[in-house]
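A.B. asks: The structure is given below, and queries will be raised subsequently.
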Amino acid sequence: MTASRNGRPAELEKCTTGIRGLDEITYGGLPKGRPTLVCGPAGCGKTLLAMEFLVRGAAQYNEPGVFMAFEETDEELTRNVASLGFDLRRLEARKKLVLDYVRIDRSEIEETGEYNLEGLFIRLAHAIDSIGARRVALDTLETLFSGLPNPAIVRAELRRLLRWLKDKGVTAIVTAERGDGKLTRHGLEEYVADCVIVLDHRVAHQISTRRLRVVKYRGSAHGSNEYPFMISVNGFSVLPITSVGLDYRVSGERVSSGIPRLDSMLGGRGYYKGSSVLISGTAGTGKTSLAGTFAAATCRRGERCHYYAFEESPSQIIRNLSSIGIDFEPLIKRRLLEFHASRPTGKGLESHLLAIHNQVEQSKPDAVVLDPVTNFSAVGSLDEVRAMLARLIDFLKARQITLLCTSLTGGGGEEQQSEIAISSLMDTWLLVRNLEASGERNRGLYVLKSRGMSHSNQVREFVLSDKGIDLIDVYVGTGAVLTGSARVAQEARERAEALVAQQAIEARQIEIERERAVAESQISALKAKVKAGEEDLKRLRKGLAARTRVLATDQAAQSRRRMADT
Amino acid sequence: MNRKSAPKSVKHVSSPQIAWNLRLYVAGQTPRCLRAFANLKAICEEHLAGVYRIEVVDLLENPKLSSGDQILAVPTLVRRLPTPVRKIIGDLSDTERVLVGLDLRPGP
């Protein structure tokens, strides 16, 4: 390690592997210039991991590599990895890769005195120098122990070899078989102390899962859990939990559910983009129809949708949904809708998760539908299914992809019970229920919860017709919820009652008009009387005033005549 | 022993039947390699007088040759003729084992 410019010792330099997920778990890759031990049982993928490390180094990072094989010949190796798209011959021709098969035949060898393994060193040095390799893979050093008679010499030479590799400055992967109780059969982990990765291949519930764990990484933090991985046509894929910190962005955008009435129940505009929606209900309640409507609405907006079917075949779903007026065929043709169907029991939970990861990364949909999600309980316990869903939700939320899951419940009172584990992961929870009354079964839809928005708490009757899904208000009144024909009857009754009430009102109105007319005429009569009285009063006042004036004039005339002195 | 780039033969014999072709792989002039060569010469003189031929290959000069005979240990003696090919590793101090390895004597 060298000191960095600001005086603090620099962090351990890392060598990016290019292997999906591995760089995330190791926070940057394997330790640069140091050997890493990869151990595991037979057939768990060690050779492949080492090979992919070299191939990606050569192809993506311009770091040539040397693969020293002790178990498989060059031809076998080339053939085995060709199915993963690695063309070793081409890399060899371009001097980016050297494949060296070292054959050790115990029966050929006779030990007659002291020796060391300088021949191996020379061979390796020659290979490294011939192409300027920066990466080396040794697969598997255990063969040296079985091929050479003196384990003490082999051990000493291995220690020397690993130190020599460090001095050469190449990043090396050393593979070894798993031992009983120890990490490796011959204790190689004592020498390769910088980084140790353990691969595992387990069978549970008849499903095999592969797991990887970084047991040790000197000088660096690393994800220390077991991570499932998959070997697919693209090579190794390790699946880390992508956002352990729950720190993804959220959007305020809304997407329609495909049913306008449902959108209005959800705060007026539908689901949040990038949220997770659960639709649960007993058999035959129309969950697939709701999911299909959402998928169709997404595609009609020009966005892409992936529909994962775990119960019915795609053609069956397409046929069933066309009966309610949803036509998937043109959407599939325009590549807006992608169907992926398989029974969950086909592979392990992690393989499903990885498959979804890969498909989503490849075609980048805006929405994903899982129909139904409850089938996964056949491949794992409730906790495991929940953990897988949590990872999937994290992955999709980080990409703002809306997720819609349908879930089959057992019916009876435990409808909400069985969902408790999964429902807390979901932002919106719609429950579709059968409402049985007066010899009929109708479907009701409730919004049980919807985070971040005001939503209706009313149940709506959910009707399927060949024009699609419709939500109608149920009749709620007089303490009963009525749906179906009972509702229709009640509505008719109400209309009749309303009519009668209307008529009564009209009659009363007429009566009141009449009374008002009568009252008004009375008022006008009284008013006239009052007016007459006022006129009278005015006249009297005028008369008084006139008389007073005359009196005054008379008095004045009289006094003039009397020649009074007043 | 001389260090040349080409494998070198040590002894020519007038008799045409050189039935034994032995190649000794070494890496430089370490004491172990010198000892191996000395031991080899002694054994050959004693048991294969006149019908052997020794080549010495220095892997430090010719690293590519290590892959041909799949040489890991140094020193390694390869009996190329007569077939089958036998490999003997070590400085050849254990003469008995060398003879067994060269199939000059039945094993213990």
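Every chain in the structure tokens takes a letter, A first, then B, and so on in the order presented; its residues are numbered from 1, and the ligands are numbered from 1 following the presented order.
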Residues of chain A within 6 Å of chain B: nearest atom pair and distance (Å, one decimal) for each, counting only C-alpha atoms, sorted by chain and number, as CSV?
C.D. replies:
residue,atom,partner,partner_atom,distance
A:Glu108,CA,B:Arg86,CA,5.5
A:Ile109,CA,B:Lys87,CA,5.0
A:Glu110,CA,B:Ile88,CA,4.7
A:Glu111,CA,B:Ile89,CA,5.1
A:Thr112,CA,B:Leu92,CA,4.9
A:Gly113,CA,B:Gly90,CA,4.3
A:Glu114,CA,B:Gly90,CA,4.7
A:Tyr115,CA,B:Gly90,CA,4.5
A:Asn116,CA,B:Ala73,CA,5.4
A:Leu117,CA,B:Ala73,CA,4.1
A:Glu118,CA,B:Val74,CA,5.7
A:Gly119,CA,B:Leu72,CA,4.1
A:Leu120,CA,B:Leu72,CA,4.5
A.B. asks: Going by DSSP on the backbone, which residues of segment 406-510 of chain A come out as helix (DSSP H, G or I)? List them as an MDAnalysis selection string.
C.D. replies: chainID A and resid 412:415 420:423 484:510
A.B. asks: Those selected residues, please, written with N, CA and C atoms and delivered as a compact mmCIF listing (two decimals), in the first residue's frame.
C.D. replies:
# COMPACT_ATOMS: atom_id res chain seq x y z
N GLY A 412 -62.35 -17.57 3.96
CA GLY A 412 -62.73 -17.66 5.36
C GLY A 412 -62.18 -16.45 6.10
N GLY A 413 -62.02 -16.55 7.38
CA GLY A 413 -61.60 -15.38 8.16
C GLY A 413 -60.12 -15.07 8.02
N GLU A 414 -59.36 -16.04 7.46
CA GLU A 414 -57.91 -15.81 7.48
C GLU A 414 -57.44 -15.06 6.26
N GLU A 415 -58.35 -14.45 5.55
CA GLU A 415 -57.94 -13.71 4.35
C GLU A 415 -56.81 -12.75 4.65
N ILE A 420 -50.26 -11.16 6.09
CA ILE A 420 -49.57 -10.22 6.97
C ILE A 420 -48.09 -10.13 6.65
N ALA A 421 -47.47 -11.26 6.41
CA ALA A 421 -46.04 -11.22 6.16
C ALA A 421 -45.72 -10.42 4.91
N ILE A 422 -46.48 -10.63 3.85
CA ILE A 422 -46.13 -10.00 2.58
C ILE A 422 -46.69 -8.59 2.49
N SER A 423 -47.82 -8.35 3.11
CA SER A 423 -48.50 -7.08 2.86
C SER A 423 -47.71 -5.88 3.37
N GLY A 484 -75.26 -6.80 -6.18
CA GLY A 484 -75.90 -7.66 -7.16
C GLY A 484 -77.37 -7.33 -7.31
N SER A 485 -78.19 -8.35 -7.42
CA SER A 485 -79.60 -8.12 -7.69
C SER A 485 -80.27 -7.46 -6.50
N ALA A 486 -79.76 -7.78 -5.31
CA ALA A 486 -80.36 -7.12 -4.14
C ALA A 486 -80.16 -5.62 -4.22
N ARG A 487 -78.98 -5.26 -4.69
CA ARG A 487 -78.72 -3.84 -4.82
C ARG A 487 -79.63 -3.23 -5.86
N VAL A 488 -79.77 -3.93 -6.96
CA VAL A 488 -80.62 -3.39 -8.03
C VAL A 488 -82.04 -3.19 -7.52
N ALA A 489 -82.51 -4.22 -6.77
CA ALA A 489 -83.87 -4.11 -6.24
C ALA A 489 -83.98 -2.93 -5.29
N GLN A 490 -82.96 -2.82 -4.43
CA GLN A 490 -82.99 -1.73 -3.47
C GLN A 490 -82.95 -0.39 -4.17
N GLU A 491 -82.16 -0.34 -5.21
CA GLU A 491 -82.05 0.94 -5.94
C GLU A 491 -83.38 1.30 -6.56
N ALA A 492 -84.08 0.27 -7.08
CA ALA A 492 -85.40 0.53 -7.69
C ALA A 492 -86.35 1.06 -6.63
N ARG A 493 -86.29 0.39 -5.47
CA ARG A 493 -87.16 0.83 -4.38
C ARG A 493 -86.87 2.27 -4.00
N GLU A 494 -85.63 2.57 -3.95
CA GLU A 494 -85.26 3.94 -3.56
C GLU A 494 -85.74 4.95 -4.58
N ARG A 495 -85.61 4.58 -5.84
CA ARG A 495 -86.05 5.52 -6.87
C ARG A 495 -87.53 5.78 -6.73
N ALA A 496 -88.30 4.67 -6.47
CA ALA A 496 -89.75 4.82 -6.30
C ALA A 496 -90.02 5.76 -5.13
N GLU A 497 -89.31 5.50 -4.03
CA GLU A 497 -89.54 6.34 -2.85
C GLU A 497 -89.20 7.79 -3.15
N ALA A 498 -88.14 7.94 -3.89
CA ALA A 498 -87.74 9.31 -4.21
C ALA A 498 -88.81 10.00 -5.03
N LEU A 499 -89.41 9.26 -5.93
CA LEU A 499 -90.46 9.82 -6.77
C LEU A 499 -91.63 10.29 -5.91
N VAL A 500 -92.05 9.41 -5.00
CA VAL A 500 -93.18 9.76 -4.13
C VAL A 500 -92.85 11.00 -3.33
N ALA A 501 -91.69 11.04 -2.77
CA ALA A 501 -91.30 12.19 -1.97
C ALA A 501 -91.33 13.46 -2.82
N GLN A 502 -90.86 13.30 -4.04
CA GLN A 502 -90.85 14.45 -4.94
C GLN A 502 -92.25 15.00 -5.16
N GLN A 503 -93.15 14.07 -5.41
CA GLN A 503 -94.51 14.49 -5.65
C GLN A 503 -95.08 15.18 -4.43
N ALA A 504 -94.83 14.65 -3.26
CA ALA A 504 -95.34 15.27 -2.03
C ALA A 504 -94.83 16.71 -1.92
N ILE A 505 -93.59 16.84 -2.26
CA ILE A 505 -92.99 18.18 -2.17
C ILE A 505 -93.69 19.13 -3.12
N GLU A 506 -93.95 18.63 -4.30
CA GLU A 506 -94.58 19.52 -5.28
C GLU A 506 -95.95 19.96 -4.81
N ALA A 507 -96.69 18.99 -4.26
CA ALA A 507 -98.04 19.32 -3.77
C ALA A 507 -97.94 20.40 -2.69
N ARG A 508 -97.07 20.17 -1.76
CA ARG A 508 -96.92 21.13 -0.66
C ARG A 508 -96.56 22.51 -1.20
N GLN A 509 -95.71 22.47 -2.23
CA GLN A 509 -95.28 23.74 -2.83
C GLN A 509 -96.47 24.55 -3.32
N ILE A 510 -97.37 23.87 -3.99
CA ILE A 510 -98.54 24.56 -4.55
C ILE A 510 -99.37 25.16 -3.42
A.B. asks: So how far away is atom CA of Arg106 of chain A from atom CA of Leu148 of chain A, in Å?
C.D. replies: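 Atom CA of Leu148 of chain A sits 6.4 Å away from atom CA of Arg106 of chain A.
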A.B. asks: Would you list, as number ranges by chain, the residues of segment 147-290 of chain A that end up in strand (DSSP E or B) under DSSP run on this structure's backbone?
C.D. replies: A: 171-177, 195-204, 207-217, 226-232, 235-238, 254-255, 271-272, 276-281
